Structure formats: C-alpha cells, structure tokens
Amino acid sequence: MDSGRWRRGAVSRGMLPLLALHAVNEYYRLPWKPPVTAGLLAANTLIYLRPSFLDSLLPFVDEVWFNPHLILKNKDIKRFFLSVFYHVDESHLVYNMMSLLWKGIQLETSMGSTEFASMAVALLGLSQGITLLLAKSLLVFFDYGRPYYSEYAVGFSGLLFAMKVVLNSHSENFTNVHGLIVPARYAAWAELILIQMFVPRVSFLGHLSGILAGVLYLKLKGSYSGPNPLTTIIRELTGLLRWSVRFIRSTFRLRRRRILGRGTVGGGERRSLSGTWRCQACTYDNSDWLSNCEMCGTSRSSESGGFLRQVSPRSRDLSLEELRRRRVERFG
C-alpha cells in the first residue's frame with residue numbers, strides 16, 4: 001500500500017509488457033490455470049490502464065484514496081473497498097502484481113478457487129477494518145492522528161502481506177527476504193521492517209494491518225470447525241452463474257435442421273419432398289396422388305395423419321435383381 005499524493009501523467013517505463021510476459025509464461029506452464037488469481041491481476045491492471053470503455057465507470061483515484069478520517073466521517077464504503085485496487089504508478093502496480101502472481105498461484109492451487117476467493121474477500125475486509133481501528137485508536141488514546149488518521153493510501157500490498165502470512169503459516173523452511181535469511185513464518189514481519197526502512201513513504205499501518213489480518217484469519221479459521229460461510233456463499237453464487245449460462249445457451253442455441261435425403265431399405269417411411277411419399281420397400285419417391293408404389297407395387301395407407309407401411313404380398317417376393325430391373329425400366 002502506497003501513501004502520498006497521486007502523480008498524474010506518470011510516464012510508462014515499459015514494465016507492464018514484462019509483467020504480461022511473465023504472467024503468460026507462468027500460466028502457460030501450469031496444468032491448471034487459477035482463474036481467481038488471473039481475475040485479480042486483470043482487475044488491478046485494467047483499473048490502472050483505465051481503457052476508454054471503462055473510463056466512465058471507474059471512479060478517479062481522488063475519490064477512492066483510503067483515508068480513515070474521510071471514511072469514518074462520511075461513511076465512505078467506496079474508499080474502504082476500492083482503494084485496494086488502485087496504484088500510484090507503474091512500478092507500484094508491477095511490483096504488487098508480481099507478488100500476487102506468485103502467492104496467488106500457490107494459494108489457489110492448494111486451496112481451490114472458491115476457498116481462495118472467500119479468503120481474499122475476508123482478508124480485504126479484515127485488513128481495511130484493522131487499519132481503521134488502529135488509526136482511530138492512535139488518535140483517541142495517543143493523540144497521534146496526523147501521520148495515520150489523515151494519511152492517504154492505495155494499493156494491493158496490505159492484502160499481499162496477509163496472503164504471505166497465510167502462505168507461510170505452516171512452513172518450517174527458511175526464506176530470503178531482501179538478502180536476509182529468516183524463518184518463512186516470520187518473513188512478513190521481516191519484510192515489513194525492511195520495506196519501511198528503505199521505502200519510508202509506504203503505508204506502515206496498511207502493511208501492519210495486512211499481517212494482523214492474516215494472523216486473525218488463521219486464528220478464526222482454526223477455531224471454527226464448521227464450513228466457511230463465505231465459501232458457501234461464493235460456491236452457491238458460482239453455481240447459480242453457471243446454471244444461468246447453461247440456461248441461456250440452451251435457450252438461444254441455434255438448432256441445425258437435419259435435411260433428409262433418400263433413406264435405406266428397412267427404415268421408417270418419411271416424406272422426403274413436398275407432395276411425395278417414400279416407399280418403405282424400395283425407397284422410391286412416389287406422388288401423393290398414388291396409393292401404390294409405382295416401382296414395386298407396395299400399397300400405402302394413412303391413419304391419424306401419419307403414413308403407415310402396408311406391403312403387398314407380391315412385393316415381398318420381389319428379389320433385389322427384380323427391383324433393379326424395374327428401376328431401369330422406369331428411368332430408362
């Protein structure tokens with residue numbers, strides 16, 4: 001999460017093509033493509049690029065800065081939720097999306113898309129809520145409001161810190177955090193301190209809240225033995241969406257009409273052309289005016305508007321050679 005003022009008209013450094021190339025390469029080698037991670041990557045990138053077809057729908061960054069004072073004063077839910085998906089410049093976006101790509105693929109592959117989506121929603125709400133709580137507490141109890149209570153911040157990094165806590169929660173390995181080897185389960189804390197030391201303009205409170213949100217999520221998940229209500233809701237919504245898509249497809253699907261040609265001997269009698277009927281015995285097409293087949297003599301009768309086969313005794317005795325001879329005579 002980055003704090004400070006929005007710099008308009010930032011010049012592209014050409015990092016987005018590298019992000020796209022890396023994402024395509026990662027997904028290409030995966031046997032299963034995590035859809036939620038891809039959706040989060042696309043959402044953050046599209047909001048940053050702000051294409052013309054979305055320009056009228058997306059609020060400007062000045063309307064979504066995460067500012068505890070404005071959120072509590074105006075009950076601004078838009079700032080609470082949307083600030084996570086905005087970034088101040090290209091490097092801010094690319095750094096966060098590279099991190100999301102790595103963490104998201106691992107978490108979604110191990111948890112499943114529904115569980116991962118519910119976790120992302122829960123972590124978003126927890127991290128933003130904890131940031132508000134800490135900022136207000138610092139103001140009320142310590143009269144320390146200027147740096148945090150009035151701070152403007154945007155970015156996905158608070159959620160990434162929370163994901164890092166969940167990802168490394170059961171790891172017994174060591175990891176490299178900017179050159180420092182630490183136990184993986186404490187990597188988020190080490191990164192919090194190092195980033196604040198070298199990049200002081202980032203939102204310390206936002207990153208800290210992300211870590212605390214990850215810890216709280218794991219505690220709540222461990223203490224609750226029942227099914228995750230968010231997972232259930234998302235699963236039901238996904239099922240409803242899939243059913244709707246199948247219903248629309250089945251309703252508006254173009255049905256190809258089957259064009260009937262000459263049948264084979266022994267098949268059911270069909271009307272092949274308008275004003276004709278097909279003989280069941282020899283498959284010859286006769287005029288509707290005829291009651292017996294002109295080729296082999298098989299008679300035809302109708303019942304309830306349908307056509308029934310009624311083979312004359314003499315037509316049963318006709319050999320294939322005799323049928324061929326009559327056809328030659330008919331068409332010759």
# chains A, B, ... in the order shown; residues from 1 in each chain; ligands from 1

call {"tool": "closest_atom_pairs", "arguments": {"of": "region 43-70 of chain A", "to": "region 75-96 of chain A", "cutoff": "6 Å", "atoms": "only C-alpha atoms", "output": "Markdown table"}}
result
| residue | atom | partner | partner_atom | distance |
| --- | --- | --- | --- | --- |
| A:Asn44 | CA | A:Phe85 | CA | 5.2 |
| A:Val64 | CA | A:Arg79 | CA | 4.3 |
| A:Trp65 | CA | A:Ser83 | CA | 5.6 |
| A:Phe66 | CA | A:Arg79 | CA | 5.4 |

call {"tool": "write_last_selection", "arguments": {"atoms": "C-alpha atoms", "output": "mmCIF file, in the first residue's frame"}}
result
data_model
loop_
_atom_site.group_PDB
_atom_site.id
_atom_site.type_symbol
_atom_site.label_atom_id
_atom_site.label_comp_id
_atom_site.auth_asym_id
_atom_site.auth_seq_id
_atom_site.Cartn_x
_atom_site.Cartn_y
_atom_site.Cartn_z
ATOM 1 C CA ASN A 44 -5.845 -4.266 -10.969
ATOM 2 C CA VAL A 64 -11.030 6.266 -3.548
ATOM 3 C CA TRP A 65 -7.926 7.131 -1.506
ATOM 4 C CA PHE A 66 -8.015 5.166 1.734
#

call {"tool": "select_by_dssp", "arguments": {"residues": "region 77-298 of chain A", "states": "strand (DSSP E or B)", "output": "ChimeraX atom specification"}}
result
/A:153-154,174-177,180-183,202,276-278,285-287,292

call {"tool": "write_last_selection", "arguments": {"atoms": "N, CA, C and O atoms", "output": "compact mmCIF listing (two decimals), in the first residue's frame"}}
result
# COMPACT_ATOMS: atom_id res chain seq x y z
N ALA A 153 -3.78 6.58 1.17
CA ALA A 153 -3.04 5.41 0.71
C ALA A 153 -3.90 4.59 -0.25
O ALA A 153 -5.13 4.57 -0.16
N VAL A 154 -3.23 3.92 -1.20
CA VAL A 154 -3.88 2.98 -2.11
C VAL A 154 -2.93 1.82 -2.35
O VAL A 154 -1.73 1.92 -2.08
N PHE A 174 13.29 -21.90 5.68
CA PHE A 174 13.81 -20.54 5.76
C PHE A 174 13.65 -19.89 4.38
O PHE A 174 13.61 -20.58 3.36
N THR A 175 13.55 -18.58 4.38
CA THR A 175 13.39 -17.87 3.12
C THR A 175 14.27 -16.62 3.11
O THR A 175 14.70 -16.13 4.16
N ASN A 176 14.51 -16.11 1.91
CA ASN A 176 15.35 -14.93 1.72
C ASN A 176 14.45 -13.71 1.57
O ASN A 176 13.65 -13.63 0.65
N VAL A 177 14.58 -12.77 2.49
CA VAL A 177 13.81 -11.52 2.44
C VAL A 177 14.78 -10.37 2.20
O VAL A 177 15.43 -9.89 3.13
N LEU A 180 18.11 -11.14 3.56
CA LEU A 180 18.13 -11.58 4.95
C LEU A 180 17.45 -12.94 5.05
O LEU A 180 16.30 -13.09 4.64
N ILE A 181 18.14 -13.94 5.60
CA ILE A 181 17.60 -15.29 5.74
C ILE A 181 16.84 -15.37 7.07
O ILE A 181 17.41 -15.19 8.14
N VAL A 182 15.55 -15.64 6.97
CA VAL A 182 14.69 -15.71 8.17
C VAL A 182 13.75 -16.91 8.03
O VAL A 182 13.52 -17.41 6.91
N PRO A 183 13.20 -17.43 9.14
CA PRO A 183 12.18 -18.47 9.04
C PRO A 183 10.99 -17.98 8.22
O PRO A 183 10.56 -16.83 8.36
N VAL A 202 5.90 4.36 2.07
CA VAL A 202 4.81 3.37 2.02
C VAL A 202 4.00 3.44 3.31
O VAL A 202 4.45 3.98 4.33
N THR A 276 -44.73 -35.76 -52.07
CA THR A 276 -44.31 -37.12 -52.39
C THR A 276 -44.29 -37.97 -51.13
O THR A 276 -44.26 -37.45 -50.02
N TRP A 277 -44.32 -39.29 -51.32
CA TRP A 277 -44.12 -40.21 -50.20
C TRP A 277 -43.14 -41.28 -50.62
O TRP A 277 -43.05 -41.63 -51.79
N ARG A 278 -42.35 -41.77 -49.66
CA ARG A 278 -41.28 -42.71 -49.96
C ARG A 278 -41.72 -44.13 -49.64
O ARG A 278 -42.20 -44.42 -48.55
N ASP A 285 -39.51 -42.57 -54.41
CA ASP A 285 -40.38 -41.46 -54.08
C ASP A 285 -41.55 -41.39 -55.06
O ASP A 285 -41.35 -41.25 -56.27
N ASN A 286 -42.77 -41.52 -54.52
CA ASN A 286 -43.98 -41.52 -55.33
C ASN A 286 -44.79 -40.26 -55.09
O ASN A 286 -44.67 -39.61 -54.05
N SER A 287 -45.64 -39.94 -56.03
CA SER A 287 -46.53 -38.79 -55.88
C SER A 287 -47.59 -39.08 -54.82
O SER A 287 -48.01 -40.22 -54.63
N ASN A 292 -50.37 -46.77 -54.45
CA ASN A 292 -49.43 -47.88 -54.54
C ASN A 292 -48.13 -47.39 -55.15
O ASN A 292 -48.11 -46.47 -55.98

call {"tool": "residues_around", "arguments": {"residues": "Pro31 (chain A)", "least_positions_apart": "3", "cutoff": "12 Å", "atoms": "only C-alpha atoms", "output": "ChimeraX atom specification"}}
result
/A:26-28,34,105,109

call {"tool": "write_last_selection", "arguments": {"atoms": "C-alpha atoms", "output": "compact mmCIF listing (two decimals), in the first residue's frame"}}
result
# COMPACT_ATOMS: atom_id res chain seq x y z
CA GLU A 26 3.68 -18.73 -15.64
CA TYR A 27 0.18 -19.68 -16.73
CA TYR A 28 1.37 -21.47 -19.85
CA PRO A 34 -6.00 -20.47 -11.39
CA ILE A 105 -0.96 -19.31 -7.83
CA THR A 109 -3.74 -24.26 -6.39

call {"tool": "residues_around", "arguments": {"residues": "Glu294 (chain A)", "least_positions_apart": "4", "cutoff": "12 Å", "atoms": "only C-alpha atoms", "output": "list in words"}}
result
Thr276, Trp277, Arg278, Cys279, Ala281, Cys282, Thr283, Tyr284, Asp285, Asn286, Ser287, Asp288, Trp289, Leu290, Thr298, Ser299, Arg300, Ser315, Leu323, Arg326, Arg327, Glu329, Arg330 and Phe331 of chain A

call {"tool": "residues_around", "arguments": {"residues": "Met97 (chain A)", "least_positions_apart": "4", "cutoff": "9 Å", "atoms": "only C-alpha atoms", "output": "JSON, numbers by chain"}}
result
{"A": [19, 40, 41, 44, 45, 92, 93, 101, 102, 156]}

call {"tool": "atom_distance", "arguments": {"atom1": "CA of Leu72 (chain A)", "atom2": "CA of Ser157 (chain A)"}}
result
22.1 Å

call {"tool": "select_by_dssp", "arguments": {"residues": "region 34-142 of chain A", "states": "alpha helix (DSSP H)", "output": "short mmCIF file (atom, residue, chain, number, x, y, z; two decimals) with N, CA and C atoms, in the first residue's frame"}}
result
data_model
loop_
_atom_site.label_atom_id
_atom_site.label_comp_id
_atom_site.auth_asym_id
_atom_site.auth_seq_id
_atom_site.Cartn_x
_atom_site.Cartn_y
_atom_site.Cartn_z
N PRO A 35 -8.13 -19.33 -11.93
CA PRO A 35 -8.92 -18.24 -12.51
C PRO A 35 -9.05 -17.01 -11.61
N VAL A 36 -9.12 -17.20 -10.29
CA VAL A 36 -9.31 -16.06 -9.39
C VAL A 36 -8.07 -15.17 -9.39
N THR A 37 -6.90 -15.79 -9.36
CA THR A 37 -5.66 -15.02 -9.42
C THR A 37 -5.58 -14.23 -10.73
N ALA A 38 -5.94 -14.88 -11.83
CA ALA A 38 -5.95 -14.18 -13.13
C ALA A 38 -6.94 -13.02 -13.12
N GLY A 39 -8.10 -13.23 -12.49
CA GLY A 39 -9.09 -12.16 -12.42
C GLY A 39 -8.61 -10.98 -11.61
N LEU A 40 -7.93 -11.24 -10.49
CA LEU A 40 -7.39 -10.15 -9.66
C LEU A 40 -6.30 -9.38 -10.41
N LEU A 41 -5.44 -10.11 -11.12
CA LEU A 41 -4.40 -9.45 -11.93
C LEU A 41 -5.03 -8.56 -12.99
N ALA A 42 -6.04 -9.08 -13.68
CA ALA A 42 -6.69 -8.31 -14.74
C ALA A 42 -7.41 -7.09 -14.18
N ALA A 43 -8.08 -7.24 -13.03
CA ALA A 43 -8.82 -6.13 -12.44
C ALA A 43 -7.89 -4.99 -12.05
N ASN A 44 -6.80 -5.31 -11.37
CA ASN A 44 -5.84 -4.27 -10.97
C ASN A 44 -5.22 -3.57 -12.17
N THR A 45 -4.87 -4.35 -13.19
CA THR A 45 -4.21 -3.78 -14.37
C THR A 45 -5.17 -2.90 -15.17
N LEU A 46 -6.41 -3.37 -15.35
CA LEU A 46 -7.39 -2.58 -16.11
C LEU A 46 -7.72 -1.27 -15.39
N ILE A 47 -7.82 -1.32 -14.07
CA ILE A 47 -8.10 -0.09 -13.33
C ILE A 47 -6.95 0.90 -13.48
N TYR A 48 -5.71 0.40 -13.50
CA TYR A 48 -4.57 1.29 -13.67
C TYR A 48 -4.53 1.86 -15.09
N LEU A 49 -4.74 0.99 -16.11
CA LEU A 49 -4.68 1.44 -17.50
C LEU A 49 -5.87 2.32 -17.87
N SER A 52 -10.73 3.21 -22.46
CA SER A 52 -11.84 4.12 -22.75
C SER A 52 -13.20 3.51 -22.42
N PHE A 53 -13.37 2.20 -22.63
CA PHE A 53 -14.68 1.60 -22.38
C PHE A 53 -15.00 1.47 -20.89
N LEU A 54 -13.98 1.68 -20.02
CA LEU A 54 -14.20 1.64 -18.58
C LEU A 54 -14.08 3.02 -17.93
N ASP A 55 -13.64 3.99 -18.69
CA ASP A 55 -13.33 5.31 -18.11
C ASP A 55 -14.54 5.94 -17.43
N PRO A 68 -8.65 7.21 6.68
CA PRO A 68 -9.50 6.87 7.82
C PRO A 68 -10.45 7.99 8.22
N HIS A 69 -9.98 9.22 8.19
CA HIS A 69 -10.81 10.35 8.59
C HIS A 69 -12.03 10.48 7.69
N LEU A 70 -11.82 10.45 6.37
CA LEU A 70 -12.93 10.61 5.43
C LEU A 70 -13.87 9.40 5.44
N ILE A 71 -13.32 8.21 5.62
CA ILE A 71 -14.16 7.01 5.63
C ILE A 71 -15.11 7.04 6.83
N LEU A 72 -14.58 7.37 8.01
CA LEU A 72 -15.42 7.39 9.21
C LEU A 72 -16.35 8.59 9.23
N LYS A 73 -15.88 9.71 8.74
CA LYS A 73 -16.69 10.93 8.75
C LYS A 73 -17.88 10.82 7.79
N ASN A 74 -17.60 10.32 6.56
CA ASN A 74 -18.64 10.27 5.52
C ASN A 74 -19.23 8.88 5.33
N ILE A 77 -17.98 3.87 1.99
CA ILE A 77 -17.68 2.47 1.73
C ILE A 77 -16.83 2.31 0.47
N LYS A 78 -17.00 3.21 -0.48
CA LYS A 78 -16.25 3.15 -1.72
C LYS A 78 -14.75 3.22 -1.47
N ARG A 79 -14.33 4.13 -0.61
CA ARG A 79 -12.92 4.23 -0.27
C ARG A 79 -12.43 2.97 0.46
N PHE A 80 -13.32 2.41 1.28
CA PHE A 80 -12.95 1.25 2.09
C PHE A 80 -12.59 0.06 1.20
N PHE A 81 -13.37 -0.19 0.16
CA PHE A 81 -13.16 -1.39 -0.66
C PHE A 81 -12.32 -1.14 -1.91
N LEU A 82 -12.52 -0.04 -2.60
CA LEU A 82 -11.89 0.15 -3.90
C LEU A 82 -10.44 0.61 -3.84
N GLU A 90 3.35 2.90 -12.31
CA GLU A 90 3.56 1.61 -12.96
C GLU A 90 4.41 0.66 -12.12
N SER A 91 5.46 1.17 -11.51
CA SER A 91 6.32 0.31 -10.69
C SER A 91 5.56 -0.22 -9.47
N HIS A 92 4.70 0.61 -8.89
CA HIS A 92 3.87 0.20 -7.76
C HIS A 92 2.96 -0.96 -8.17
N LEU A 93 2.32 -0.82 -9.32
CA LEU A 93 1.42 -1.87 -9.82
C LEU A 93 2.18 -3.15 -10.13
N VAL A 94 3.27 -3.04 -10.89
CA VAL A 94 4.01 -4.23 -11.34
C VAL A 94 4.59 -4.99 -10.15
N TYR A 95 5.15 -4.28 -9.18
CA TYR A 95 5.72 -4.95 -8.01
C TYR A 95 4.64 -5.74 -7.26
N ASN A 96 3.48 -5.13 -7.08
CA ASN A 96 2.40 -5.81 -6.37
C ASN A 96 1.83 -6.98 -7.17
N MET A 97 1.71 -6.81 -8.47
CA MET A 97 1.13 -7.88 -9.29
C MET A 97 2.09 -9.07 -9.44
N MET A 98 3.38 -8.81 -9.47
CA MET A 98 4.34 -9.92 -9.49
C MET A 98 4.23 -10.72 -8.20
N SER A 99 4.08 -10.02 -7.10
CA SER A 99 3.91 -10.69 -5.81
C SER A 99 2.60 -11.46 -5.75
N LEU A 100 1.53 -10.85 -6.27
CA LEU A 100 0.22 -11.52 -6.30
C LEU A 100 0.28 -12.77 -7.17
N LEU A 101 0.96 -12.70 -8.30
CA LEU A 101 1.07 -13.83 -9.20
C LEU A 101 1.71 -15.03 -8.49
N TRP A 102 2.77 -14.77 -7.77
CA TRP A 102 3.49 -15.85 -7.08
C TRP A 102 2.67 -16.42 -5.93
N LYS A 103 2.14 -15.55 -5.09
CA LYS A 103 1.37 -16.00 -3.92
C LYS A 103 0.02 -16.58 -4.34
N GLY A 104 -0.65 -15.91 -5.28
CA GLY A 104 -1.98 -16.34 -5.68
C GLY A 104 -1.99 -17.72 -6.31
N ILE A 105 -1.01 -17.99 -7.18
CA ILE A 105 -0.96 -19.31 -7.83
C ILE A 105 -0.77 -20.41 -6.80
N GLN A 106 0.11 -20.20 -5.84
CA GLN A 106 0.35 -21.23 -4.83
C GLN A 106 -0.86 -21.44 -3.93
N LEU A 107 -1.45 -20.36 -3.47
CA LEU A 107 -2.59 -20.47 -2.57
C LEU A 107 -3.82 -21.04 -3.29
N GLU A 108 -4.12 -20.55 -4.47
CA GLU A 108 -5.32 -21.02 -5.17
C GLU A 108 -5.17 -22.47 -5.61
N THR A 109 -3.96 -22.88 -5.99
CA THR A 109 -3.74 -24.26 -6.39
C THR A 109 -3.94 -25.21 -5.21
N SER A 110 -3.50 -24.80 -4.03
CA SER A 110 -3.61 -25.68 -2.86
C SER A 110 -4.99 -25.62 -2.20
N MET A 111 -5.66 -24.46 -2.27
CA MET A 111 -6.94 -24.28 -1.59
C MET A 111 -8.15 -24.53 -2.48
N SER A 113 -10.27 -22.64 -6.01
CA SER A 113 -10.67 -21.29 -6.38
C SER A 113 -11.72 -20.70 -5.44
N THR A 114 -12.71 -21.50 -5.03
CA THR A 114 -13.77 -20.98 -4.17
C THR A 114 -13.22 -20.59 -2.81
N GLU A 115 -12.41 -21.45 -2.22
CA GLU A 115 -11.83 -21.16 -0.91
C GLU A 115 -10.88 -19.96 -0.99
N PHE A 116 -10.10 -19.88 -2.08
CA PHE A 116 -9.18 -18.77 -2.24
C PHE A 116 -9.93 -17.45 -2.39
N ALA A 117 -11.01 -17.46 -3.17
CA ALA A 117 -11.81 -16.24 -3.35
C ALA A 117 -12.41 -15.78 -2.02
N SER A 118 -12.95 -16.72 -1.24
CA SER A 118 -13.53 -16.34 0.05
C SER A 118 -12.46 -15.82 1.00
N MET A 119 -11.26 -16.40 0.94
CA MET A 119 -10.17 -15.91 1.78
C MET A 119 -9.76 -14.50 1.38
N ALA A 120 -9.69 -14.23 0.07
CA ALA A 120 -9.31 -12.89 -0.39
C ALA A 120 -10.32 -11.84 0.07
N VAL A 121 -11.61 -12.17 -0.01
CA VAL A 121 -12.65 -11.23 0.46
C VAL A 121 -12.52 -11.00 1.96
N ALA A 122 -12.31 -12.08 2.71
CA ALA A 122 -12.19 -11.95 4.17
C ALA A 122 -10.96 -11.13 4.55
N LEU A 123 -9.84 -11.38 3.90
CA LEU A 123 -8.61 -10.65 4.20
C LEU A 123 -8.73 -9.18 3.84
N LEU A 124 -9.43 -8.89 2.74
CA LEU A 124 -9.63 -7.50 2.36
C LEU A 124 -10.41 -6.76 3.45
N GLY A 125 -11.52 -7.34 3.88
CA GLY A 125 -12.32 -6.70 4.92
C GLY A 125 -11.57 -6.57 6.24
N LEU A 126 -10.84 -7.62 6.62
CA LEU A 126 -10.11 -7.60 7.89
C LEU A 126 -8.98 -6.57 7.87
N SER A 127 -8.20 -6.57 6.79
CA SER A 127 -7.05 -5.65 6.75
C SER A 127 -7.49 -4.19 6.73
N GLN A 128 -8.53 -3.89 5.94
CA GLN A 128 -9.01 -2.50 5.90
C GLN A 128 -9.65 -2.11 7.24
N GLY A 129 -10.39 -3.04 7.82
CA GLY A 129 -11.01 -2.75 9.12
C GLY A 129 -9.99 -2.53 10.22
N ILE A 130 -8.94 -3.35 10.24
CA ILE A 130 -7.89 -3.20 11.25
C ILE A 130 -7.15 -1.88 11.07
N THR A 131 -6.94 -1.47 9.81
CA THR A 131 -6.29 -0.17 9.56
C THR A 131 -7.11 0.97 10.15
N LEU A 132 -8.43 0.93 9.94
CA LEU A 132 -9.30 1.95 10.52
C LEU A 132 -9.23 1.94 12.04
N LEU A 133 -9.27 0.74 12.62
CA LEU A 133 -9.25 0.61 14.08
C LEU A 133 -7.95 1.14 14.67
N LEU A 134 -6.82 0.79 14.06
CA LEU A 134 -5.53 1.26 14.57
C LEU A 134 -5.39 2.77 14.43
N ALA A 135 -5.80 3.31 13.27
CA ALA A 135 -5.69 4.75 13.06
C ALA A 135 -6.54 5.52 14.07
N LYS A 136 -7.76 5.06 14.30
CA LYS A 136 -8.64 5.73 15.26
C LYS A 136 -8.12 5.57 16.69
N SER A 137 -7.56 4.44 17.03
CA SER A 137 -7.03 4.21 18.37
C SER A 137 -5.84 5.10 18.65
N LEU A 138 -4.96 5.26 17.66
CA LEU A 138 -3.81 6.14 17.83
C LEU A 138 -4.24 7.58 18.06
N LEU A 139 -5.34 7.96 17.40
CA LEU A 139 -5.84 9.33 17.56
C LEU A 139 -6.47 9.52 18.94
N VAL A 140 -7.29 8.55 19.36
CA VAL A 140 -8.05 8.70 20.60
C VAL A 140 -7.16 8.54 21.83
N PHE A 141 -6.34 7.54 21.84
CA PHE A 141 -5.57 7.22 23.04
C PHE A 141 -4.22 7.92 23.12
N PHE A 142 -3.63 8.25 21.97
CA PHE A 142 -2.30 8.84 21.99
C PHE A 142 -2.25 10.21 21.30
#

call {"tool": "closest_residue", "arguments": {"among": "A:Leu160, A:Arg50, A:Glu322, A:Asp143", "to": "Ser209 (chain A)", "atoms": "only C-alpha atoms"}}
result
A:Leu160

call {"tool": "atom_distance", "arguments": {"atom1": "CA of Leu212 (chain A)", "atom2": "CA of Ala162 (chain A)"}}
result
7.3 Å
